[in-house]
file start32.tsv (TSV, C-alpha atoms)
chain	number	residue	atom	x	y	z
A	169	MET	CA	85.28	106.57	51.76
A	170	ALA	CA	87.85	104.57	53.76
A	171	ASP	CA	89.57	103.48	50.53
A	172	THR	CA	89.95	107.06	49.29
A	173	PRO	CA	93.52	108.35	49.82
A	174	VAL	CA	93.86	111.49	51.91
A	175	SER	CA	94.82	114.37	49.65
A	176	GLY	CA	94.72	118.10	49.48
A	177	GLU	CA	97.06	119.07	52.29
A	178	TYR	CA	99.54	121.79	51.34
A	179	ILE	CA	103.10	122.29	52.55
A	180	VAL	CA	105.36	125.30	52.07
A	181	ILE	CA	109.06	124.76	51.41
A	182	LYS	CA	111.53	127.66	51.62
A	183	ALA	CA	115.10	127.02	50.48
A	184	LEU	CA	117.72	128.27	52.94
A	185	GLU	CA	120.57	127.41	50.54
A	186	ASP	CA	121.03	127.01	46.79
A	187	GLY	CA	120.17	123.63	45.27
A	188	VAL	CA	117.47	122.33	47.61
A	189	SER	CA	115.84	119.29	45.93
A	190	ILE	CA	112.18	118.38	46.27
A	191	MET	CA	111.04	115.02	44.94
A	192	GLY	CA	107.44	113.80	44.76
A	193	LEU	CA	106.76	110.10	45.30
A	194	THR	CA	103.77	108.19	43.95
A	195	ARG	CA	101.05	106.24	45.69
A	196	GLY	CA	100.32	102.61	44.93
A	197	GLU	CA	101.90	99.19	45.22
A	198	THR	CA	105.28	100.50	44.06
A	199	THR	CA	106.57	103.88	45.23
A	200	LYS	CA	108.35	105.78	42.45
A	201	PHE	CA	109.72	109.28	41.99
A	202	HIS	CA	107.40	111.17	39.64
A	203	HIS	CA	108.52	114.80	39.87
A	204	SER	CA	111.47	116.83	41.08
A	205	GLU	CA	112.28	120.49	41.54
A	206	LYS	CA	115.37	122.45	42.57
A	207	LEU	CA	115.10	125.64	44.61
A	208	ASP	CA	117.74	128.29	45.20
A	209	ARG	CA	118.16	130.22	48.43
A	210	GLY	CA	115.07	132.29	49.21
A	211	GLU	CA	112.82	130.53	46.72
A	212	VAL	CA	109.53	129.17	48.03
A	213	MET	CA	107.43	126.31	46.70
A	214	ILE	CA	103.88	125.51	47.78
A	215	ALA	CA	103.19	121.81	47.21
A	216	GLN	CA	100.09	119.69	47.63
A	217	PHE	CA	99.57	116.03	48.40
A	218	THR	CA	97.25	114.55	45.75
A	219	GLU	CA	95.79	111.24	44.67
A	220	HIS	CA	99.12	110.66	42.85
A	221	THR	CA	101.58	112.12	45.40
A	222	SER	CA	101.80	110.31	48.73
A	223	ALA	CA	105.18	111.59	49.96
A	224	MET	CA	107.84	114.20	49.32
A	225	LYS	CA	111.56	113.94	49.85
A	226	ILE	CA	113.44	117.17	50.54
A	227	ARG	CA	117.23	117.30	50.38
A	228	GLY	CA	119.15	120.37	51.51
A	229	ILE	CA	118.68	123.09	54.08
A	230	ALA	CA	115.08	124.23	53.98
A	231	GLU	CA	112.24	125.44	56.17
A	232	ILE	CA	109.07	123.40	55.80
A	233	LEU	CA	105.70	124.62	57.05
A	234	THR	CA	102.80	122.18	57.40
A	235	SER	CA	99.54	122.04	59.31
A	236	HIS	CA	101.53	119.96	61.82
A	237	GLY	CA	104.15	122.65	62.45
A	238	ARG	CA	107.54	123.95	61.27
A	239	ILE	CA	110.48	121.71	60.38
A	240	LEU	CA	114.05	122.61	59.45
A	241	ALA	CA	115.43	120.08	56.98
A	242	GLY	CA	119.16	119.48	56.64
A	243	VAL	CA	119.94	121.14	59.98
A	244	ASP	CA	120.71	119.39	63.24
A	245	GLU	CA	118.81	121.71	65.57
A	246	GLY	CA	120.64	120.30	68.58
A	247	LYS	CA	123.89	121.78	67.24
A	248	ARG	CA	122.53	125.26	66.47
call {"tool": "encode", "arguments": {"input": "start32.tsv", "output": "structure tokens"}}
result
Amino acid sequence: MADTPVSGEYIVIKALEDGVSIMGLTRGETTKFHHSEKLDRGEVMIAQFTEHTSAMKIRGIAEILTSHGRILAGVDEGKR
């Protein structure tokens, strides 16, 4: 069981501007981009970590909800 990658956790990404990019990265010896999506303002994507997806890169202003809390991407909260 210790060798089984953790998977199944969902995250919610809400675009707060047009053109927010979401890129999925693979697991394994070499990390590679395997999928990408673009969201426009107000669009929401529900994504899941799987045996193939170990990380996600999000570029643009977006709200991200996880089991660990809420994150604003692309915004310096100290300057708001």
call {"tool": "atom_distance", "arguments": {"input": "start32.tsv", "atom1": "CA of Ile179 (chain A)", "atom2": "CA of Thr198 (chain A)"}}
result
23.5 Å
call {"tool": "closest_residue", "arguments": {"input": "start32.tsv", "among": "A:Ile229, A:Ile239, A:Ala223, A:Ala215", "to": "Val180 (chain A)", "atoms": "all atoms listed in the file"}}
result
A:Ala215
call {"tool": "residues_around", "arguments": {"input": "start32.tsv", "residues": "Ile226 (chain A)", "least_positions_apart": "2", "cutoff": "7 Å", "atoms": "only C-alpha atoms", "output": "list in words"}}
result
Ser189, Ile190, Met191, Met224 and Gly228 of chain A
call {"tool": "atom_distance", "arguments": {"input": "start32.tsv", "atom1": "CA of Ile181 (chain A)", "atom2": "CA of Gly196 (chain A)"}}
result
24.7 Å
call {"tool": "closest_residue", "arguments": {"input": "start32.tsv", "among": "A:Arg195, A:Val243, A:Val188, A:His202", "to": "Thr218 (chain A)", "atoms": "only C-alpha atoms"}}
result
A:Arg195
